[in-house]
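Next up, entry_12.cif (mmCIF, C-alpha atoms):
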data_work
loop_
_atom_site.label_atom_id
_atom_site.label_comp_id
_atom_site.auth_asym_id
_atom_site.auth_seq_id
_atom_site.Cartn_x
_atom_site.Cartn_y
_atom_site.Cartn_z
CA SER A 25 32.95 -10.84 -3.37
CA VAL A 26 29.77 -12.91 -3.29
CA GLU A 27 28.06 -10.47 -0.88
CA TYR A 28 28.62 -7.61 -3.31
CA LEU A 29 27.13 -9.64 -6.18
CA MET A 30 24.12 -10.67 -4.09
CA GLU A 31 23.56 -7.10 -2.94
CA SER A 32 23.70 -5.75 -6.47
CA GLU A 33 21.39 -8.53 -7.66
CA GLU A 34 18.93 -7.61 -4.89
CA THR A 35 19.21 -3.92 -5.81
CA GLN A 36 18.52 -4.80 -9.44
CA ALA A 37 15.51 -6.89 -8.40
CA GLU A 38 14.16 -3.95 -6.42
CA LYS A 39 14.56 -1.62 -9.41
CA ILE A 40 12.80 -4.11 -11.67
CA SER A 41 9.94 -4.54 -9.20
CA ILE A 42 9.56 -0.74 -8.92
CA TYR A 43 9.44 -0.54 -12.71
CA TYR A 44 6.67 -3.16 -12.86
CA GLU A 45 4.80 -1.44 -10.01
CA GLN A 46 4.87 1.87 -11.86
CA ILE A 47 3.56 0.29 -15.05
CA ALA A 48 0.86 -1.48 -13.02
CA GLN A 49 -0.12 1.85 -11.45
CA SER A 50 -0.52 3.48 -14.84
CA TYR A 51 -2.79 0.65 -16.03
CA ILE A 52 -4.79 0.85 -12.79
CA LEU A 53 -5.23 4.61 -13.22
CA SER A 54 -6.46 4.09 -16.78
CA GLY A 55 -8.95 1.45 -15.58
CA ASP A 56 -7.21 -1.57 -17.11
CA TYR A 57 -7.10 -3.67 -13.94
CA ILE A 58 -6.36 -6.97 -15.68
CA THR A 59 -3.15 -5.66 -17.27
CA GLY A 60 -2.33 -3.85 -14.02
CA GLU A 61 -2.59 -7.14 -12.15
CA LYS A 62 -0.30 -8.85 -14.68
CA TYR A 63 2.41 -6.29 -13.96
CA ILE A 64 1.81 -6.68 -10.24
CA GLU A 65 2.44 -10.42 -10.68
CA ASN A 66 5.70 -9.64 -12.51
CA ALA A 67 6.80 -7.38 -9.66
CA LEU A 68 5.74 -9.97 -7.10
CA TYR A 69 8.06 -12.55 -8.67
CA TYR A 70 11.12 -10.41 -7.85
CA VAL A 71 9.75 -9.32 -4.49
CA GLU A 72 9.23 -12.94 -3.37
CA LYS A 73 12.50 -14.22 -4.83
CA TYR A 74 14.60 -11.54 -3.09
CA ASN A 75 12.40 -11.08 -0.02
CA LEU A 76 11.86 -7.35 -0.60
CA GLU A 77 9.48 -6.69 2.26
CA TYR A 78 8.70 -3.00 1.66
CA ARG A 79 8.04 -3.65 -2.04
CA LYS A 80 5.73 -6.51 -1.06
CA ALA A 81 3.72 -4.11 1.10
CA LYS A 82 3.49 -1.67 -1.81
CA ILE A 83 2.23 -4.46 -4.07
CA LEU A 84 -0.39 -5.53 -1.52
CA TYR A 85 -1.43 -1.86 -1.31
CA LEU A 86 -1.73 -1.67 -5.12
CA ARG A 87 -3.84 -4.82 -5.15
CA ALA A 88 -6.09 -3.26 -2.52
CA GLN A 89 -6.49 -0.19 -4.73
CA ILE A 90 -7.57 -2.41 -7.63
CA TYR A 91 -10.19 -4.05 -5.42
CA VAL A 92 -11.46 -0.63 -4.32
CA GLU A 93 -11.83 0.39 -7.96
CA LYS A 94 -13.66 -2.87 -8.71
CA ASN A 95 -15.87 -2.19 -5.65
CA GLU A 96 -14.71 -5.44 -4.01
CA LEU A 97 -14.33 -3.69 -0.67
CA THR A 98 -13.94 -6.73 1.59
CA LEU A 99 -10.98 -7.95 -0.47
CA ALA A 100 -9.57 -4.42 -0.58
CA GLN A 101 -9.79 -4.27 3.20
CA GLN A 102 -7.86 -7.55 3.56
CA PHE A 103 -5.07 -6.37 1.26
CA PHE A 104 -4.83 -2.96 2.96
CA LEU A 105 -4.57 -4.69 6.35
CA SER A 106 -1.86 -7.06 5.07
CA SER A 107 0.16 -4.19 3.61
CA ASN A 108 -0.21 -2.19 6.81
CA VAL A 109 1.30 -4.98 8.93
CA ILE A 110 4.52 -4.58 6.92
CA PHE A 111 4.35 -0.76 6.82
CA ILE A 112 3.96 -0.64 10.62
CA LYS A 113 6.79 -3.14 11.17
CA ASN A 114 9.11 -1.00 9.02
CA ASN A 115 7.98 2.37 10.41
CA ASN A 116 6.73 3.62 7.03
CA TYR A 117 4.53 6.19 8.75
CA GLU A 118 3.11 7.98 5.74
CA GLU A 119 2.08 4.67 4.14
CA VAL A 120 0.54 3.58 7.47
CA ILE A 121 -1.51 6.78 7.55
CA ASN A 122 -2.66 6.41 3.94
CA THR A 123 -3.61 2.80 4.57
CA PHE A 124 -5.62 3.66 7.70
CA LEU A 125 -7.25 6.46 5.70
CA ASN A 126 -8.24 4.02 2.95
CA LEU A 127 -9.54 1.54 5.52
CA GLY A 128 -11.55 4.37 7.08
CA LYS A 129 -13.08 5.27 3.71
CA ILE A 130 -13.98 1.64 2.99
CA THR A 131 -15.58 1.04 6.39
CA LEU A 132 -17.44 4.35 6.10
CA HIS A 133 -18.79 3.24 2.72
CA LEU A 134 -19.80 -0.09 4.29
CA LYS A 135 -21.57 1.88 7.05
CA ALA A 136 -19.31 0.36 9.73
CA TYR A 137 -19.06 3.71 11.49
CA TYR A 138 -17.30 2.52 14.64
CA SER A 139 -14.56 0.83 12.60
CA ALA A 140 -14.27 3.87 10.32
CA SER A 141 -13.85 6.15 13.33
CA SER A 142 -11.24 3.80 14.79
CA TYR A 143 -9.18 3.70 11.56
CA LEU A 144 -9.31 7.49 11.19
CA ARG A 145 -8.25 7.97 14.84
CA GLN A 146 -5.33 5.60 14.25
CA ALA A 147 -4.34 7.57 11.14
CA GLU A 148 -4.47 10.80 13.16
CA LYS A 149 -2.43 9.29 16.00
CA VAL A 150 0.33 8.04 13.67
CA TYR A 151 0.36 11.47 11.98
CA LEU A 152 0.66 13.40 15.25
CA ASP A 153 3.07 10.97 16.98
CA ASN A 154 5.54 11.04 14.09
CA ASN A 155 5.48 14.72 13.10
CA ILE A 156 4.43 14.05 9.52
CA GLY A 157 4.59 17.44 7.84
CA THR A 158 2.01 16.85 5.14
CA ASP A 159 -0.87 19.13 6.13
CA SER A 160 -3.05 17.91 3.28
CA LEU A 161 -2.86 14.39 4.74
CA LEU A 162 -4.09 15.63 8.12
CA GLY A 163 -6.80 17.61 6.35
CA GLU A 164 -7.95 14.47 4.57
CA ILE A 165 -8.08 12.56 7.87
CA TYR A 166 -10.25 15.28 9.43
CA TYR A 167 -12.40 15.54 6.30
CA TYR A 168 -13.58 11.97 6.77
#
Transcribe the structure of this file into structure tokens.
Amino acid sequence: SVEYLMESEETQAEKISIYYEQIAQSYILSGDYITGEKYIENALYYVEKYNLEYRKAKILYLRAQIYVEKNELTLAQQFFLSSNVIFIKNNNYEEVINTFLNLGKITLHLKAYYSASSYLRQAEKVYLDNNIGTDSLLGEIYYY
């Protein structure tokens, strides 16, 4: 049926976008942000075409990481906030925590201590409210 074909096409699109995301991540880790961004654009094509919301949040998060590495912290902050809207909507708690943690680090670096404290408290609250079992994540929240 048509629904089956559409579903499998969407599943394929998700796999392709994950593939591009992973390649982008490897370029980002090696410091080649321009090539990383090209692969992010490739992933974004499939994400937009098939309305893959979670993947879109992951791409926004990756973009934010690139901006952190390039020390463009205001842009990084905007992309982390955009990704977190989707993560929160979809109850992706661990991603929400990591995003708040990154926002806390950025605002700490920018000497916006009240904002940093607020982001870190939000990360802690999401962690505690949702019984996330990753102790290292809680340790990182308390470290900052």
Quick one: everything within 9 Å of Leu162 of chain A, counting only C-alpha atoms, minus sequence neighbours fewer than 5 positions away in the same chain. Send it as a PyMOL selection string. chain A and resi 147-148+151-152+156-157+167
Distance cut-off 12 Å, centre (-1.5, -11.7, -11.3) in file coordinates, counting all atoms listed in the file: which residues qualify? Return them as an MDAnalysis selection string. chainID A and resid 44 48 57:69 83:84 86:87 90
Atom pair atom CA of Val92 of chain A / atom CA of Val150 of chain A: separation (Å): 23.2 Å
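Here the PyMOL selection byres ((chain A and resi 142) around 12) captures the residues A:Phe124, A:Leu125, A:Leu127, A:Gly128, A:Lys129, A:Thr131, A:Leu132, A:Ala136, A:Tyr137, A:Tyr138, A:Ser139, A:Ala140, A:Ser141, A:Tyr143, A:Leu144, A:Arg145, A:Gln146, A:Ala147, A:Glu148, A:Lys149, A:Ile165, A:Tyr168.
Of the residues listed (A:Thr158, A:Gln89, A:Ser54, A:Asn116), A:Asn116 shows the shortest atom-to-atom separation from Glu77 of chain A; distances use only C-alpha atoms.
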Between A:Leu97, A:Gly55, A:Asp159, A:Leu76, which has the minimum distance to Lys135 of chain A (counting all atoms listed in the file)? A:Leu97
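For the residues A:Tyr85, A:Glu93, A:Ser160, A:Ile130, ranking by smallest atom-to-atom distance to Val109 of chain A using all atoms listed in the file places A:Tyr85 first.
You will find atom CA of Leu134 of chain A at 9.3 Å from atom CA of Thr98 of chain A.
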Nearest to Phe103 of chain A, chosen from A:Tyr117, A:Lys82, A:Ser32, A:Asn122, with all atoms listed in the file counted in the distances: A:Lys82
What separates atom CA of Ala88 of chain A and atom CA of Glu118 of chain A is a distance of 16.7 Å
Suppose a student applies the PyMOL selection byres ((chain A and resi 108) around 9) to this structure; what residues should they get, written as an NGL selection string? :A and (81 or 84-85 or 103-107 or 109-113 or 119-120 or 123-124)
